[in-house]
Amino acid sequence: MPTNNPLNALAAFAVAISAPFGAFAFEKVTTRNQFVEIVSGKDLKLTGITVNVTPGGQIKGRAYGFGVKGEWKWQNGYFCRSLFWGKKDLGPNCQEVKVHGNKIRFTSDKGTGQYADLTLR
């Protein structure tokens, strides 16, 4: 379920979300190599947010005027990250990842929580 609360959505990955892409057929990303190929060299963007997820396991960027930093690993088919937004520790979360064209969707709590749709640029 999408949220309009920026802090909750940031916890879903590192972003606030809107849900205009919910009707499209997203395909699940199942391997680390597939994920790295999708995000490598690209920024993940949404209004007020630009985040980069590096192949080496780093997350960095800005969201609503604050720095975003963290680490990630691929574990049992999920993107597992720890994240800080400014000084706020958003803690760890493993997320399902899906892709559709230039959109990537992160759904918190192994696909059972809130989701964030970002544009790959």
# chains A, B, ... in the order shown; residues from 1 in each chain; ligands from 1
>>> residues_around(residues="Lys60 (chain A)", least_positions_apart="6", cutoff="6 Å", atoms="only C-alpha atoms", output="list in words")
Val51, Asn52, Val68 and Lys69 of chain A
>>> select_by_dssp(residues="chain A", states="strand (DSSP E)", output="ChimeraX atom specification")
/A:27-28,43-46,49-53,58-63,66-75,78-85,88-100,103-107,115-120
>>> select_by_dssp(residues="region 40-120 of chain A", states="alpha helix (DSSP H)", output="PyMOL selection string")
chain A and resi 108-111
>>> write_last_selection(atoms="C-alpha atoms", output="PDB file, in the first residue's frame")
ATOM      1  CA  SER A 108       9.312  -3.044   2.361  1.00  0.00           C
ATOM      2  CA  ASP A 109       9.054  -6.022   4.705  1.00  0.00           C
ATOM      3  CA  LYS A 110       9.888  -8.604   2.016  1.00  0.00           C
ATOM      4  CA  GLY A 111       7.067  -7.434  -0.215  1.00  0.00           C
TER       5      GLY A 111
END
>>> residues_around(residues="region 80-88 of chain A", least_positions_apart="2", cutoff="9 Å", atoms="only C-alpha atoms", output="PyMOL selection string")
chain A and resi 7+10-11+13-14+57+59+62-63+65-75+78+90-96+110
>>> write_last_selection(atoms="C-alpha atoms", output="mmCIF file, in the first residue's frame")
data_model
loop_
_atom_site.group_PDB
_atom_site.id
_atom_site.type_symbol
_atom_site.label_atom_id
_atom_site.label_comp_id
_atom_site.auth_asym_id
_atom_site.auth_seq_id
_atom_site.Cartn_x
_atom_site.Cartn_y
_atom_site.Cartn_z
ATOM 1 C CA LEU A 7 9.199 9.644 6.408
ATOM 2 C CA LEU A 10 11.585 6.910 3.009
ATOM 3 C CA ALA A 11 11.607 3.965 5.363
ATOM 4 C CA PHE A 13 13.433 2.550 0.758
ATOM 5 C CA ALA A 14 14.767 6.045 0.822
ATOM 6 C CA GLY A 57 26.877 -2.021 -1.501
ATOM 7 C CA ILE A 59 23.504 3.924 -0.786
ATOM 8 C CA ARG A 62 19.593 13.355 -0.849
ATOM 9 C CA ALA A 63 15.930 13.381 0.128
ATOM 10 C CA GLY A 65 17.101 18.480 1.854
ATOM 11 C CA PHE A 66 18.804 15.830 3.975
ATOM 12 C CA GLY A 67 21.573 13.422 3.111
ATOM 13 C CA VAL A 68 20.764 9.754 2.619
ATOM 14 C CA LYS A 69 23.415 7.128 3.277
ATOM 15 C CA GLY A 70 23.468 3.464 3.980
ATOM 16 C CA GLU A 71 24.540 0.012 2.944
ATOM 17 C CA TRP A 72 22.835 -2.833 1.132
ATOM 18 C CA LYS A 73 23.276 -6.507 0.336
ATOM 19 C CA TRP A 74 21.255 -9.052 -1.620
ATOM 20 C CA GLN A 75 19.945 -11.769 0.673
ATOM 21 C CA TYR A 78 15.650 -9.450 -1.331
ATOM 22 C CA LEU A 90 15.722 4.186 9.526
ATOM 23 C CA GLY A 91 17.141 0.821 10.500
ATOM 24 C CA PRO A 92 17.385 -2.376 8.489
ATOM 25 C CA ASN A 93 14.752 -3.673 6.091
ATOM 26 C CA CYS A 94 14.675 -6.371 3.418
ATOM 27 C CA GLN A 95 12.632 -5.371 0.394
ATOM 28 C CA GLU A 96 11.159 -6.985 -2.665
ATOM 29 C CA LYS A 110 9.888 -8.604 2.016
#
>>> atom_distance(atom1="CA of Arg121 (chain A)", atom2="CA of Leu44 (chain A)")
6.5 Å
>>> residues_around(residues="Ile38 (chain A)", least_positions_apart="5", cutoff="9 Å", atoms="only C-alpha atoms", output="list in words")
Asn33, Val99, Ile104 and Leu120 of chain A
>>> write_last_selection(atoms="C-alpha atoms", output="compact mmCIF listing (two decimals), in the first residue's frame")
# COMPACT_ATOMS: atom_id res chain seq x y z
CA ASN A 33 23.37 -9.56 -10.63
CA VAL A 99 10.99 -3.32 -12.35
CA ILE A 104 11.83 0.37 -10.05
CA LEU A 120 15.86 5.16 -13.11
>>> residues_around(residues="region 25-31 of chain A", least_positions_apart="3", cutoff="7 Å", atoms="only C-alpha atoms", output="list of chain:residue names")
A:Gln34, A:Phe35, A:Gly77, A:Val97, A:Lys98, A:Val99, A:His100
